[in-house]
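Novice: Sharing a structure here in structure tokens format.
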Amino acid sequence: MSGPGMNLTPQDLQVVRGLWDGLSPKEVAGGLGCSHQAIKDHMRRIRNKNGARSTIALLRRAVREGVLTP
């Protein structure tokens, strides 16, 4: 379900879509039943495996790849 150049698991997609929808990491954590720190750590891993230097860069790439729609 990730774009051709992106490496995202279904859980990664849930987190990325939550942030894209304007939720804070704390709100995403509440929806997924985990801690705020777990979401922050998860986002760091998602950025690292996709070569993104920031969450904004990751979200922009996800839009370019068709994973997220504006």
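Following the order of the structure tokens, first chain is A, next is B, and so on, with residues numbered from 1 inside each chain and ligands from 1 in the order they appear.
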Distance table requested - region 19-65 of chain A against region 8-15 of chain A, cut-off 7 Å, only C-alpha atoms: one row per qualifying residue with the closest atom pair and its distance in Å to one decimal, ordered by chain and rising residue number, as a Markdown table.
Specialist:
| residue | atom | partner | partner_atom | distance |
| --- | --- | --- | --- | --- |
| A:Leu19 | CA | A:Val15 | CA | 6.4 |
| A:Val28 | CA | A:Val15 | CA | 6.6 |
| A:Ile46 | CA | A:Asp12 | CA | 6.9 |
Novice: Could you turn the residues from that selection into a file that holds C-alpha atoms, as a PDB file, in the first residue's frame?
Specialist:
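Final output, saved to part-v2.pdb:
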ATOM      1  CA  LEU A  19      -0.141  13.314  11.141  1.00  0.00           C
ATOM      2  CA  VAL A  28      -2.136   9.646  17.073  1.00  0.00           C
ATOM      3  CA  ILE A  46       9.902   5.812   9.360  1.00  0.00           C
TER       4      ILE A  46
END
Novice: Leaving out Gln37 (chain A) and any residue of its chain fewer than 3 positions from it, which residues lie within 12 Å of it when counting only C-alpha atoms, given as a tab-separated table (two decimals) with C-alpha atoms, in the first residue's frame?
Specialist:
chain	number	residue	atom	x	y	z
A	24	SER	CA	-0.53	15.67	17.00
A	25	PRO	CA	1.74	12.75	17.85
A	26	LYS	CA	-0.07	12.58	21.21
A	27	GLU	CA	-3.45	12.32	19.45
A	28	VAL	CA	-2.14	9.65	17.07
A	29	ALA	CA	-0.82	7.72	20.08
A	30	GLY	CA	-4.21	7.89	21.80
A	33	GLY	CA	-3.37	2.88	22.11
A	34	CYS	CA	0.32	3.57	22.61
A	40	LYS	CA	7.86	9.87	18.17
A	41	ASP	CA	10.21	6.86	18.02
A	42	HIS	CA	8.12	5.25	15.28
A	43	MET	CA	8.24	8.45	13.18
A	44	ARG	CA	12.01	8.61	13.59
Novice: Output as a short mmCIF file (atom, residue, chain, number, x, y, z; two decimals) with C-alpha atoms, in the first residue's frame all residues of chain A that backbone DSSP marks as helix (DSSP H, G or I).
Specialist:
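Output file out_13.cif follows:
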data_model
loop_
_atom_site.label_atom_id
_atom_site.label_comp_id
_atom_site.auth_asym_id
_atom_site.auth_seq_id
_atom_site.Cartn_x
_atom_site.Cartn_y
_atom_site.Cartn_z
CA PRO A 10 0.37 -0.71 7.41
CA GLN A 11 1.16 0.66 10.89
CA ASP A 12 3.52 3.25 9.36
CA LEU A 13 0.67 4.35 7.12
CA GLN A 14 -1.67 4.77 10.10
CA VAL A 15 0.83 7.02 11.84
CA VAL A 16 1.68 9.05 8.71
CA ARG A 17 -1.99 9.48 7.79
CA GLY A 18 -2.80 10.62 11.32
CA LEU A 19 -0.14 13.31 11.14
CA TRP A 20 -1.23 14.25 7.62
CA PRO A 25 1.74 12.75 17.85
CA LYS A 26 -0.07 12.58 21.21
CA GLU A 27 -3.45 12.32 19.45
CA VAL A 28 -2.14 9.65 17.07
CA ALA A 29 -0.82 7.72 20.08
CA GLY A 30 -4.21 7.89 21.80
CA GLY A 31 -5.94 6.55 18.70
CA LEU A 32 -3.49 3.67 18.40
CA HIS A 36 3.37 9.62 22.74
CA GLN A 37 7.03 8.61 22.92
CA ALA A 38 6.30 5.42 20.95
CA ILE A 39 4.86 7.53 18.11
CA LYS A 40 7.86 9.87 18.17
CA ASP A 41 10.21 6.86 18.02
CA HIS A 42 8.12 5.25 15.28
CA MET A 43 8.24 8.45 13.18
CA ARG A 44 12.01 8.61 13.59
CA ARG A 45 12.28 5.03 12.25
CA ILE A 46 9.90 5.81 9.36
CA ARG A 47 11.97 8.90 8.43
CA ASN A 48 15.23 6.98 8.66
CA LYS A 49 14.13 4.06 6.48
CA THR A 55 8.43 14.72 9.13
CA ILE A 56 7.47 17.46 6.66
CA ALA A 57 9.91 16.03 4.11
CA LEU A 58 8.41 12.58 4.64
CA LEU A 59 4.86 13.88 4.19
CA ARG A 60 5.83 15.78 1.02
CA ARG A 61 7.41 12.63 -0.39
CA ALA A 62 4.32 10.60 0.49
CA VAL A 63 2.19 13.07 -1.47
CA ARG A 64 4.58 12.89 -4.47
#
